[in-house]
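One file, query-v8.txt, carrying compact mmCIF, C-alpha atoms:
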```
# COMPACT_ATOMS: atom_id res chain seq x y z
CA MET A 1 0.00 0.00 0.00
CA SER A 2 1.29 3.45 -0.80
CA GLY A 3 -0.10 5.11 2.30
CA SER A 4 3.05 7.14 2.86
CA HIS A 5 1.57 10.12 1.02
CA HIS A 6 -0.63 10.78 4.03
CA HIS A 7 2.39 11.51 6.14
CA ARG A 8 4.83 13.23 3.82
CA ARG A 9 4.26 16.78 2.69
CA PRO A 10 4.07 17.12 -1.10
CA GLN A 11 7.31 18.50 -2.53
CA THR A 12 7.19 18.49 -6.32
CA PRO A 13 4.64 20.26 -8.53
CA GLN A 14 3.24 16.85 -9.49
CA GLU A 15 2.83 15.84 -5.84
CA LEU A 16 1.14 19.16 -5.03
CA ARG A 17 -1.30 18.88 -7.93
CA THR A 18 -2.06 15.27 -7.07
CA ALA A 19 -2.75 16.13 -3.44
CA ALA A 20 -4.95 19.07 -4.47
CA LEU A 21 -6.96 16.89 -6.85
CA GLU A 22 -7.35 14.15 -4.25
CA THR A 23 -8.50 16.77 -1.73
CA VAL A 24 -11.21 18.06 -4.07
CA LEU A 25 -12.40 14.57 -5.06
CA ILE A 26 -12.61 13.53 -1.41
CA GLU A 27 -14.38 16.74 -0.36
CA ARG A 28 -16.86 16.25 -3.19
CA GLY A 29 -17.38 12.62 -2.19
CA LEU A 30 -16.30 11.48 -5.66
CA VAL A 31 -13.67 9.05 -4.42
CA SER A 32 -12.50 7.50 -1.18
CA THR A 33 -9.00 7.14 0.21
CA ASP A 34 -9.37 3.39 0.60
CA ALA A 35 -10.61 2.97 -2.98
CA ILE A 36 -7.49 4.69 -4.30
CA ASP A 37 -5.37 2.52 -2.00
CA ALA A 38 -7.16 -0.61 -3.22
CA VAL A 39 -6.59 0.20 -6.90
CA VAL A 40 -2.90 0.96 -6.30
CA ASP A 41 -2.53 -2.27 -4.35
CA ARG A 42 -4.09 -4.31 -7.17
CA PHE A 43 -1.75 -2.86 -9.78
CA GLU A 44 1.32 -3.16 -7.56
CA ASN A 45 0.64 -6.69 -6.36
CA GLU A 46 -1.82 -8.62 -8.50
CA ILE A 47 -2.32 -7.24 -12.00
CA GLY A 48 0.71 -7.67 -14.23
CA PRO A 49 2.34 -9.61 -17.05
CA ARG A 50 2.46 -12.81 -15.00
CA ASN A 51 -1.27 -13.04 -15.74
CA GLY A 52 -0.76 -12.98 -19.49
CA ALA A 53 2.19 -15.37 -19.17
CA ARG A 54 -0.02 -17.94 -17.49
CA MET A 55 -2.50 -17.68 -20.36
CA VAL A 56 0.26 -18.14 -22.94
CA ALA A 57 1.67 -21.18 -21.12
CA ARG A 58 -1.81 -22.69 -20.88
CA ALA A 59 -2.29 -22.18 -24.62
CA TRP A 60 1.02 -23.96 -25.27
CA VAL A 61 0.02 -27.07 -23.31
CA ASP A 62 -3.74 -27.13 -23.92
CA PRO A 63 -4.84 -26.93 -27.58
CA ALA A 64 -8.49 -26.40 -26.60
CA TYR A 65 -7.51 -23.38 -24.47
CA ARG A 66 -5.41 -22.05 -27.35
CA GLU A 67 -8.50 -22.20 -29.59
CA ARG A 68 -10.59 -20.38 -27.00
CA LEU A 69 -7.86 -17.75 -26.49
CA LEU A 70 -7.64 -17.06 -30.21
CA ALA A 71 -11.44 -16.94 -30.54
CA ASP A 72 -12.11 -14.59 -27.61
CA GLY A 73 -9.21 -13.28 -25.54
CA ALA A 74 -11.38 -11.66 -22.87
CA ALA A 75 -13.32 -14.88 -22.25
CA ALA A 76 -10.05 -16.83 -22.09
CA ALA A 77 -8.69 -14.29 -19.58
CA ALA A 78 -11.85 -14.59 -17.49
CA GLU A 79 -11.18 -18.33 -17.13
CA PHE A 80 -8.27 -17.25 -14.91
CA GLY A 81 -10.36 -14.56 -13.21
CA TYR A 82 -8.64 -11.76 -15.17
CA GLY A 83 -10.71 -9.00 -16.70
CA GLY A 84 -12.21 -5.56 -16.32
CA MET A 85 -11.09 -2.11 -17.40
CA GLU A 86 -8.95 -2.00 -20.54
CA GLY A 87 -9.55 -5.69 -21.03
CA GLU A 88 -13.27 -5.86 -21.75
CA GLN A 89 -12.42 -6.98 -25.27
CA ILE A 90 -9.13 -8.72 -25.99
CA ARG A 91 -7.87 -10.15 -29.24
CA CYS A 92 -4.98 -12.58 -29.18
CA VAL A 93 -2.83 -12.64 -32.32
CA GLU A 94 -0.64 -15.68 -32.88
CA ASN A 95 2.96 -15.77 -34.03
CA THR A 96 3.82 -18.55 -36.47
CA PRO A 97 7.02 -19.43 -38.35
CA GLU A 98 5.68 -17.28 -41.20
CA MET A 99 4.11 -14.41 -39.25
CA HIS A 100 5.22 -12.12 -36.41
CA ASN A 101 2.91 -9.70 -34.58
CA VAL A 102 3.64 -6.56 -32.59
CA VAL A 103 1.25 -4.27 -30.71
CA VAL A 104 1.17 -0.49 -30.25
CA CYS A 105 -1.23 2.36 -29.56
CA THR A 106 -0.09 5.31 -31.64
CA LEU A 107 -2.73 7.76 -30.37
CA CYS A 108 -2.46 7.04 -26.67
CA SER A 109 -1.07 4.05 -24.76
CA CYS A 110 -3.88 1.49 -24.87
CA TYR A 111 -2.80 -1.80 -23.37
CA PRO A 112 -4.58 -4.87 -21.93
CA TRP A 113 -4.23 -3.95 -18.27
CA PRO A 114 -5.86 -7.02 -16.68
CA ILE A 115 -3.38 -9.39 -18.29
CA LEU A 116 -0.25 -7.24 -18.76
CA GLY A 117 -0.58 -4.60 -16.03
CA ILE A 118 0.62 -1.02 -16.43
CA PRO A 119 2.49 -0.49 -19.69
CA PRO A 120 6.19 0.26 -19.48
CA VAL A 121 7.26 3.86 -20.08
CA TRP A 122 8.83 3.02 -23.44
CA TYR A 123 5.47 1.69 -24.70
CA LYS A 124 3.87 5.02 -23.76
CA SER A 125 6.68 7.11 -25.23
CA PRO A 126 6.80 8.97 -28.56
CA PRO A 127 9.73 6.97 -30.03
CA TYR A 128 7.93 3.61 -29.82
CA ARG A 129 4.51 4.94 -30.74
CA SER A 130 5.76 6.91 -33.75
CA ARG A 131 8.20 4.35 -35.11
CA VAL A 132 6.80 0.86 -34.70
CA VAL A 133 3.97 1.31 -37.23
CA ARG A 134 6.36 2.72 -39.79
CA GLU A 135 9.65 0.88 -39.28
CA PRO A 136 8.81 -2.16 -37.17
CA ARG A 137 11.84 -4.16 -38.27
CA ALA A 138 14.19 -1.42 -37.12
CA VAL A 139 12.34 -1.18 -33.80
CA LEU A 140 12.43 -4.94 -33.24
CA ALA A 141 16.15 -4.94 -34.06
CA GLU A 142 16.62 -2.29 -31.36
CA PHE A 143 14.99 -4.74 -28.96
CA GLY A 144 17.42 -7.43 -30.14
CA LEU A 145 14.89 -9.27 -32.26
CA GLU A 146 15.98 -9.98 -35.83
CA LEU A 147 13.23 -11.69 -37.81
CA PRO A 148 14.26 -14.23 -40.45
CA ASP A 149 14.02 -12.93 -44.02
CA GLY A 150 10.59 -13.55 -45.43
CA THR A 151 8.76 -13.45 -42.10
CA GLU A 152 5.58 -11.45 -42.55
CA LEU A 153 5.11 -8.71 -40.01
CA ARG A 154 1.84 -7.37 -38.68
CA VAL A 155 1.56 -4.27 -36.49
CA TRP A 156 -1.66 -3.91 -34.48
CA ASP A 157 -2.50 -0.28 -33.63
CA SER A 158 -5.08 -0.51 -30.83
CA SER A 159 -7.09 2.62 -31.57
CA ALA A 160 -10.59 1.64 -30.37
CA ASP A 161 -12.03 -0.66 -27.68
CA LEU A 162 -10.11 -3.82 -28.52
CA ARG A 163 -6.87 -4.62 -26.69
CA TYR A 164 -4.25 -6.95 -28.12
CA ILE A 165 -1.89 -9.62 -26.82
CA VAL A 166 0.59 -11.65 -28.86
CA LEU A 167 0.66 -15.42 -28.46
CA PRO A 168 4.33 -16.19 -29.04
CA MET A 169 5.63 -19.51 -30.35
CA ARG A 170 6.69 -22.06 -27.76
CA PRO A 171 10.48 -22.22 -27.88
CA GLU A 172 12.38 -25.32 -28.94
CA GLY A 173 13.86 -27.41 -26.16
CA THR A 174 10.99 -26.96 -23.69
CA ASP A 175 9.30 -30.36 -24.14
CA GLY A 176 9.73 -31.54 -20.58
CA MET A 177 8.73 -28.28 -18.93
CA SER A 178 5.64 -27.84 -16.77
CA GLU A 179 3.04 -25.16 -17.45
CA ASP A 180 4.42 -23.08 -14.58
CA GLU A 181 7.96 -23.39 -15.88
CA LEU A 182 6.78 -22.40 -19.35
CA ALA A 183 5.00 -19.34 -17.95
CA GLY A 184 8.37 -18.34 -16.50
CA LEU A 185 9.77 -18.00 -20.03
CA VAL A 186 7.10 -15.58 -21.18
CA THR A 187 8.10 -11.97 -20.64
CA ARG A 188 5.91 -8.90 -20.97
CA ASP A 189 7.86 -7.97 -24.11
CA CYS A 190 7.01 -11.34 -25.72
CA MET A 191 3.31 -10.54 -25.33
CA ILE A 192 3.73 -7.04 -26.82
CA GLY A 193 5.66 -8.67 -29.64
CA VAL A 194 9.03 -6.93 -29.26
CA ALA A 195 10.69 -10.14 -28.04
CA VAL A 196 10.24 -13.89 -28.35
CA PRO A 197 10.54 -16.45 -25.55
CA ARG A 198 13.84 -18.29 -25.26
CA ALA A 199 14.41 -21.58 -23.51
CA GLY A 200 16.70 -20.91 -20.58
CA ALA A 201 15.64 -17.27 -20.23
CA VAL A 202 13.70 -16.35 -17.12
CA ALA A 203 10.96 -13.73 -17.28
CA ALA A 204 11.56 -10.59 -15.25
CA MET B 1 -7.69 16.99 -33.59
CA ASP B 2 -4.26 17.26 -35.20
CA GLY B 3 -2.39 17.21 -31.91
CA ALA B 4 1.06 16.00 -30.93
CA HIS B 5 -0.49 12.85 -29.47
CA ASP B 6 -1.16 11.49 -32.96
CA LEU B 7 2.31 10.05 -33.31
CA GLY B 8 2.05 7.14 -35.76
CA GLY B 9 4.66 7.43 -38.51
CA LYS B 10 6.16 10.69 -37.24
CA GLN B 11 9.94 10.86 -37.46
CA GLY B 12 12.71 12.30 -35.35
CA PHE B 13 11.90 10.95 -31.89
CA GLY B 14 15.10 8.93 -31.65
CA PRO B 15 15.81 5.59 -30.02
CA ILE B 16 13.47 3.77 -27.65
CA VAL B 17 14.71 4.16 -24.09
CA ARG B 18 14.05 1.14 -21.90
CA GLU B 19 14.29 0.63 -18.17
CA GLN B 20 15.07 -2.70 -16.54
CA ASN B 21 12.72 -4.03 -13.82
CA GLU B 22 10.37 -1.10 -14.18
CA PRO B 23 7.86 -0.68 -11.32
CA PRO B 24 4.16 -0.05 -12.11
CA PHE B 25 4.45 3.40 -10.55
CA HIS B 26 7.75 5.31 -10.32
CA GLU B 27 6.52 7.66 -7.59
CA PRO B 28 3.67 7.35 -5.09
CA TRP B 29 1.85 10.31 -6.73
CA GLU B 30 1.61 8.32 -9.98
CA GLY B 31 -0.20 5.53 -8.16
CA ARG B 32 -2.53 8.07 -6.52
CA VAL B 33 -3.40 9.53 -9.94
CA HIS B 34 -3.99 6.08 -11.39
CA GLY B 35 -6.11 5.09 -8.41
CA MET B 36 -8.12 8.33 -8.43
CA ASN B 37 -8.87 7.99 -12.12
CA LEU B 38 -10.05 4.39 -11.85
CA ALA B 39 -11.99 4.87 -8.62
CA SER B 40 -13.88 8.01 -9.69
CA ASP B 41 -15.70 9.40 -12.69
CA VAL B 42 -14.88 13.02 -13.40
CA GLY B 43 -16.27 13.20 -16.94
CA PRO B 44 -16.34 11.64 -20.39
CA ALA B 45 -13.43 13.51 -21.98
CA PHE B 46 -10.39 11.73 -20.57
CA ARG B 47 -8.30 11.56 -23.73
CA TRP B 48 -9.78 14.65 -25.37
CA SER B 49 -8.56 16.57 -22.32
CA ILE B 50 -5.03 15.20 -22.73
CA GLU B 51 -5.02 16.05 -26.42
CA ARG B 52 -5.79 19.70 -25.66
CA MET B 53 -2.76 20.11 -23.39
CA GLY B 54 -0.81 21.72 -26.23
CA ALA B 55 1.87 20.08 -28.32
CA ILE B 56 4.93 21.25 -26.40
CA GLU B 57 3.48 20.42 -23.00
CA TYR B 58 2.27 17.02 -24.20
CA LEU B 59 5.67 16.04 -25.53
CA THR B 60 7.62 17.29 -22.53
CA THR B 61 5.54 15.78 -19.72
CA SER B 62 5.11 12.22 -18.49
CA TYR B 63 2.22 9.80 -18.88
CA TYR B 64 0.83 10.46 -15.41
CA GLU B 65 1.25 14.21 -15.83
CA HIS B 66 -1.03 13.76 -18.85
CA TRP B 67 -3.52 11.97 -16.61
CA LEU B 68 -3.31 14.70 -13.99
CA ALA B 69 -3.87 17.44 -16.57
CA SER B 70 -6.76 15.44 -18.01
CA MET B 71 -8.51 14.91 -14.68
CA GLU B 72 -8.15 18.58 -13.75
CA ARG B 73 -9.60 19.79 -17.06
CA ASN B 74 -12.19 17.03 -17.51
CA GLY B 75 -13.49 17.51 -13.96
CA VAL B 76 -13.89 21.27 -14.34
CA GLU B 77 -15.51 21.02 -17.79
CA SER B 78 -17.96 18.33 -16.72
CA GLY B 79 -18.88 20.21 -13.55
CA ALA B 80 -17.58 17.50 -11.21
CA PHE B 81 -15.70 20.28 -9.40
CA THR B 82 -14.67 23.87 -10.07
CA GLN B 83 -11.34 25.49 -10.85
CA GLU B 84 -11.80 27.59 -7.70
CA GLU B 85 -12.08 24.45 -5.57
CA LEU B 86 -8.97 23.05 -7.21
CA ASP B 87 -7.06 26.32 -6.64
CA ALA B 88 -8.19 26.51 -3.02
CA ALA B 89 -7.14 22.91 -2.41
CA ALA B 90 -3.75 23.58 -4.03
CA ALA B 91 -3.22 26.60 -1.76
CA GLY B 92 -4.19 24.52 1.26
CA VAL B 93 -1.84 21.71 0.32
CA ALA B 94 0.99 24.18 -0.26
CA ALA B 95 0.32 25.64 3.21
CA GLY B 96 0.70 22.20 4.75
CA GLU B 97 -2.89 21.03 5.06
CA PRO B 98 -3.13 17.25 4.87
CA VAL B 99 -5.22 15.51 2.22
CA PRO B 100 -8.51 14.59 3.92
CA VAL B 101 -9.24 10.92 4.47
CA ARG B 102 -12.54 9.36 3.46
CA VAL B 103 -13.26 5.68 3.97
CA ASP B 104 -16.11 4.18 1.99
CA ALA B 105 -16.57 0.47 1.35
CA GLU B 106 -19.00 1.05 -1.50
CA THR B 107 -16.51 3.16 -3.46
CA VAL B 108 -13.92 0.44 -2.92
CA ALA B 109 -16.32 -2.23 -4.15
CA THR B 110 -17.24 -0.20 -7.26
CA ALA B 111 -13.58 0.37 -8.11
CA LEU B 112 -12.68 -3.28 -7.69
CA ARG B 113 -15.64 -4.37 -9.81
CA ARG B 114 -14.17 -2.28 -12.63
CA LEU B 115 -10.97 -4.33 -12.26
CA SER B 116 -12.76 -7.67 -12.50
CA PRO B 117 -14.42 -9.47 -15.41
CA HIS B 118 -17.89 -8.07 -16.03
CA ASP B 119 -20.50 -8.28 -18.75
CA GLU B 120 -20.45 -5.53 -21.34
CA ALA B 121 -23.64 -3.84 -22.45
CA GLY B 122 -24.70 -4.50 -26.03
CA PHE B 123 -25.61 -1.64 -28.37
CA GLU B 124 -28.16 -1.31 -31.17
CA ALA B 125 -26.98 0.34 -34.37
CA PRO B 126 -27.74 0.34 -38.07
CA PRO B 127 -26.33 -2.73 -39.85
CA PRO B 128 -22.67 -2.46 -40.86
CA ARG B 129 -22.05 -0.87 -44.26
CA PHE B 130 -18.98 -2.98 -44.92
CA SER B 131 -18.28 -6.71 -44.95
CA LEU B 132 -15.24 -8.89 -44.53
CA GLY B 133 -12.83 -8.37 -47.41
CA ASP B 134 -14.36 -5.09 -48.62
CA ARG B 135 -11.95 -2.50 -49.93
CA VAL B 136 -12.34 0.80 -48.11
CA THR B 137 -10.66 4.19 -48.03
CA VAL B 138 -10.00 6.10 -44.84
CA ALA B 139 -11.72 9.47 -44.73
CA ARG B 140 -9.36 12.26 -45.74
CA ARG B 141 -11.02 15.05 -43.76
CA ALA B 142 -9.89 15.46 -40.16
CA SER B 143 -12.21 16.25 -37.28
CA PRO B 144 -11.45 19.14 -34.91
CA GLY B 145 -12.45 17.00 -31.90
CA HIS B 146 -11.24 13.76 -30.39
CA SER B 147 -10.66 11.14 -33.06
CA ARG B 148 -9.75 7.47 -33.00
CA CYS B 149 -8.59 7.62 -36.60
CA PRO B 150 -4.82 8.09 -36.70
CA ALA B 151 -3.67 10.80 -39.12
CA TYR B 152 -1.20 8.49 -40.86
CA LEU B 153 -4.14 6.59 -42.38
CA ARG B 154 -5.95 9.52 -43.96
CA GLY B 155 -6.92 8.75 -47.53
CA ALA B 156 -5.28 5.31 -47.41
CA PRO B 157 -6.80 2.21 -49.01
CA GLY B 158 -7.43 -0.73 -46.70
CA VAL B 159 -9.29 -4.02 -46.48
CA ILE B 160 -11.86 -4.99 -43.85
CA GLU B 161 -10.29 -7.78 -41.76
CA SER B 162 -12.99 -8.06 -39.04
CA VAL B 163 -16.45 -6.66 -38.46
CA HIS B 164 -17.26 -5.97 -34.80
CA ALA B 165 -20.55 -5.59 -32.94
CA PRO B 166 -21.57 -1.91 -32.56
CA ARG B 167 -19.94 0.24 -29.89
CA PRO B 168 -20.36 3.95 -29.14
CA ILE B 169 -17.97 5.88 -31.35
CA LEU B 170 -15.55 7.49 -28.92
CA ASP B 171 -14.91 10.50 -31.16
CA VAL B 172 -18.46 11.65 -30.37
CA TYR B 173 -18.51 10.39 -26.78
CA GLU B 174 -15.41 12.32 -25.73
CA THR B 175 -15.97 15.49 -27.76
CA GLU B 176 -19.69 15.85 -27.10
CA GLY B 177 -19.98 15.37 -23.36
CA GLY B 178 -20.56 11.63 -23.30
CA ARG B 179 -23.10 11.37 -26.12
CA ILE B 180 -23.63 7.71 -27.06
CA VAL B 181 -23.76 6.97 -30.79
CA PRO B 182 -23.36 3.22 -31.35
CA GLN B 183 -21.81 2.36 -34.68
CA ALA B 184 -20.31 -0.65 -36.41
CA TRP B 185 -16.53 -0.76 -36.24
CA TYR B 186 -13.92 -2.77 -38.03
CA THR B 187 -10.37 -4.01 -37.93
CA VAL B 188 -8.89 -2.71 -41.18
CA GLY B 189 -5.65 -3.94 -42.73
CA PHE B 190 -3.24 -1.64 -44.57
CA ARG B 191 -0.07 -2.31 -46.57
CA SER B 192 2.82 -0.19 -45.35
CA THR B 193 3.59 0.58 -49.00
CA ASP B 194 0.23 2.36 -49.26
CA LEU B 195 1.15 4.54 -46.27
CA TRP B 196 4.83 5.38 -46.70
CA ASP B 197 7.43 5.43 -49.45
CA ASP B 198 10.10 3.89 -47.27
CA PRO B 199 12.74 1.44 -48.52
CA GLY B 200 12.98 -2.08 -47.12
CA PRO B 201 10.56 -4.97 -46.76
CA ALA B 202 6.86 -4.15 -46.44
CA HIS B 203 4.61 -4.99 -43.50
CA GLU B 204 0.95 -4.74 -42.65
CA VAL B 205 -0.72 -2.41 -40.18
CA PHE B 206 -4.10 -3.27 -38.64
CA VAL B 207 -6.18 -0.54 -37.05
CA ASP B 208 -9.62 -0.56 -35.40
CA LEU B 209 -11.82 2.08 -37.02
CA TRP B 210 -15.44 3.10 -36.73
CA GLU B 211 -17.69 3.44 -39.76
CA THR B 212 -17.39 7.26 -39.63
CA HIS B 213 -13.70 6.91 -40.43
CA LEU B 214 -14.28 4.90 -43.62
CA GLU B 215 -15.55 5.47 -47.14
CA GLY B 216 -16.62 2.73 -49.55
```

The structure in this file should be written as structure tokens.
Amino acid sequence: MSGSHHHRRPQTPQELRTAALETVLIERGLVSTDAIDAVVDRFENEIGPRNGARMVARAWVDPAYRERLLADGAAAAAEFGYGGMEGEQIRCVENTPEMHNVVVCTLCSCYPWPILGIPPVWYKSPPYRSRVVREPRAVLAEFGLELPDGTELRVWDSSADLRYIVLPMRPEGTDGMSEDELAGLVTRDCMIGVAVPRAGAVAA
Amino acid sequence: MDGAHDLGGKQGFGPIVREQNEPPFHEPWEGRVHGMNLASDVGPAFRWSIERMGAIEYLTTSYYEHWLASMERNGVESGAFTQEELDAAAAGVAAGEPVPVRVDAETVATALRRLSPHDEAGFEAPPPRFSLGDRVTVARRASPGHSRCPAYLRGAPGVIESVHAPRPILDVYETEGGRIVPQAWYTVGFRSTDLWDDPGPAHEVFVDLWETHLEG
């Protein structure tokens, strides 16, 4: 819980504005202190890319789940109890040996919160948002991902109510791994599409 | 609106700067802003308020500063609170007054419901004008309000990849005080070679667009 703000005097302009806004919302009865605390707690402790990683690992070991995930990402997320704001509608796009997918929101920073959490700053920043629709291969190379020649590339610009997640390919050499171990290979970046899972790598 | 937020295809922003082991919130105030936004409703113009920050301010402030600016503006415009209240609270905070505490289980429950799976309302709208595989052209004319049609697509030819059940077009919702106009929307595929004259291998770009954004 980030309750420390109640005890420390705001210092920066951002802290002062935040405290002023919170004061007005509380005085107006538009929000409560414990509701803000609860939301912060959820995003700091429960909602994050481990959720999406569990879905990906399930899809790798359970072909019926993979079908359901590709048919309706939000319903497949709800099977794990994940859902809600910025994840009411989710489309899962699948990488294949012939096709790689990468996700962006050029107008804002739309992102499937319930399964990936808060987007990283780079995802929200002008360099990524401006470049990945136009020069995705150069952007992926910057992330250390060189696609084989001839791989088709699809960029998904989430401009409306649909949020996107990439289903990466299961890496070679993972045959004996459990679903939990597989989930450990799936990083946030793999589900945005700027990385691919590697056997032996461990998700941050 | 042709604001600085409409970044797709723009050049000159340099390399992507990444941070290892990034926390959800870098400072406690960011979490407070996130929590306040999700646990309250200060008006329908969240993104439209960000887009009117001004180009220089937008590009030189952080994500949660955008949210803060949006909530301040959106709340005043919608009548959720007044600028005078905000100014008075800011003066009080600067003078050392603590943020008041309000505990309310119902507000907590409402906020947490928003963060859990829930059924979405369905919307009635005229039947979709376009079908799977139709060739379409993105409208060339730009709207002065909030728009979910990125500028880099204007006038571009595309192909309907998916047809979605009607949803309120957010251009109208945000610009016109929350007015609900359900409309068919589509995932539309574009060839990069129809968008830019860049060298190198081509790719495809898929964008979700409402019917307003498309011409037959």

Hey, what's within 12 Å of A:Leu147 if we count all atoms listed in the file and toss same-chain stuff fewer than 3 positions away? As a count of residues only, please? 25

Go through chain B residue by residue and, counting all atoms listed in the file, keep those with an atom at most 6 Å from chain A; for each kept residue give the shortest atom pair and its distance in Å to one decimal, ordered by chain and increasing number, as a Markdown table.
```
| residue | atom | partner | partner_atom | distance |
| --- | --- | --- | --- | --- |
| B:His5 | CA | A:Leu107 | CA | 5.6 |
| B:Asp6 | CA | A:Leu107 | CA | 4.8 |
| B:Leu7 | CA | A:Ser130 | CA | 4.7 |
| B:Gly8 | CA | A:Ser130 | CA | 4.2 |
| B:Gly9 | CA | A:Ser130 | CA | 4.9 |
| B:Lys10 | CA | A:Ser130 | CA | 5.2 |
| B:Phe13 | CA | A:Pro127 | CA | 4.9 |
| B:Gly14 | CA | A:Pro127 | CA | 5.9 |
| B:Ile16 | CA | A:Pro127 | CA | 5.5 |
| B:Arg18 | CA | A:Trp122 | CA | 5.8 |
| B:Pro24 | CA | A:Ile118 | CA | 5.7 |
| B:Trp29 | CA | A:Glu15 | CA | 5.7 |
| B:Gly31 | CA | A:Val40 | CA | 5.6 |
| B:Gly35 | CA | A:Ile36 | CA | 4.4 |
| B:Met36 | CA | A:Ile36 | CA | 5.5 |
| B:Ser40 | CA | A:Val31 | CA | 5.4 |
| B:Ala89 | CA | A:Ala20 | CA | 4.9 |
| B:Ala90 | CA | A:Ala20 | CA | 4.7 |
| B:Val99 | CA | A:Thr23 | CA | 5.3 |
| B:Val101 | CA | A:Thr33 | CA | 5.7 |
| B:Arg102 | CA | A:Ser32 | CA | 5.0 |
| B:Val103 | CA | A:Ser32 | CA | 5.5 |
| B:Asp104 | CA | A:Ser32 | CA | 5.8 |
| B:Thr107 | CA | A:Ala35 | CA | 5.9 |
| B:Val108 | CA | A:Ala35 | CA | 4.2 |
| B:Arg114 | CA | A:Gly84 | CA | 5.3 |
| B:Leu115 | CA | A:Gly84 | CA | 4.4 |
| B:Ser116 | CA | A:Gly84 | CA | 4.4 |
| B:Pro117 | CA | A:Gly83 | CA | 4.0 |
| B:Arg148 | CA | A:Ser159 | CA | 5.7 |
| B:His203 | CA | A:Leu153 | CA | 5.1 |
| B:Glu204 | CA | A:Arg154 | CA | 4.8 |
| B:Val205 | CA | A:Val155 | CA | 4.7 |
| B:Phe206 | CA | A:Trp156 | CA | 4.9 |
| B:Val207 | CA | A:Asp157 | CA | 5.0 |
| B:Asp208 | CA | A:Ala160 | CA | 5.6 |
```

Quick one: everything within 10 Å of A:Leu69, counting all atoms listed in the file, minus sequence neighbours fewer than 6 positions away in the same chain. Send it as a ChimeraX atom specification. /A:55-56,58-59,63,75-77,79,90-94,167

Just checking: using all atoms listed in the file, which residue out of B:Thr137, B:Gly75, B:Pro23, B:Thr187 ends up closest to A:Pro49? B:Pro23

Mind giving me the straight-line distance from atom CA of B:Ala139 to atom CA of B:Ala45 in Å, one decimal?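 Separation between atom CA of B:Ala139 and atom CA of B:Ala45: 23.2 Å.
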
Taking only C-alpha atoms into account, which of A:Asp175, A:Leu70, A:Tyr111, A:Tyr65 comes nearest A:Arg188? A:Tyr111

Atom CA of B:Arg47 to atom CA of B:His213: how many Å, to one decimal? 18.2 Å

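With distances restricted to only C-alpha atoms, A:Ile165 is the closest residue to A:Asp72 from A:Glu179, A:Ile165, A:Ala53, A:Met191.
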
Counting all atoms listed in the file, the option among B:Thr175, B:Asn37, B:Ser49, B:Ser143 closest to B:Arg73: B:Ser49

In Å, with one decimal, what is the gap from atom CA of A:Glu172 to atom CA of A:Pro197? 9.7 Å

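Among B:Thr212, B:Thr193, B:Arg167, B:His118, the residue with the shortest atom-to-atom distance to B:Arg140, counting all atoms listed in the file, is B:Thr212.
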
B:Arg154, B:Arg113, B:His146, B:Arg191 ranked by distance to B:Pro44, top pick (using only C-alpha atoms): B:His146

Contacts of B:Val188 at 8 Å (all atoms listed in the file; same-chain gap of 2+ positions) as number ranges by chain: B: 158-162, 186, 190, 206-209
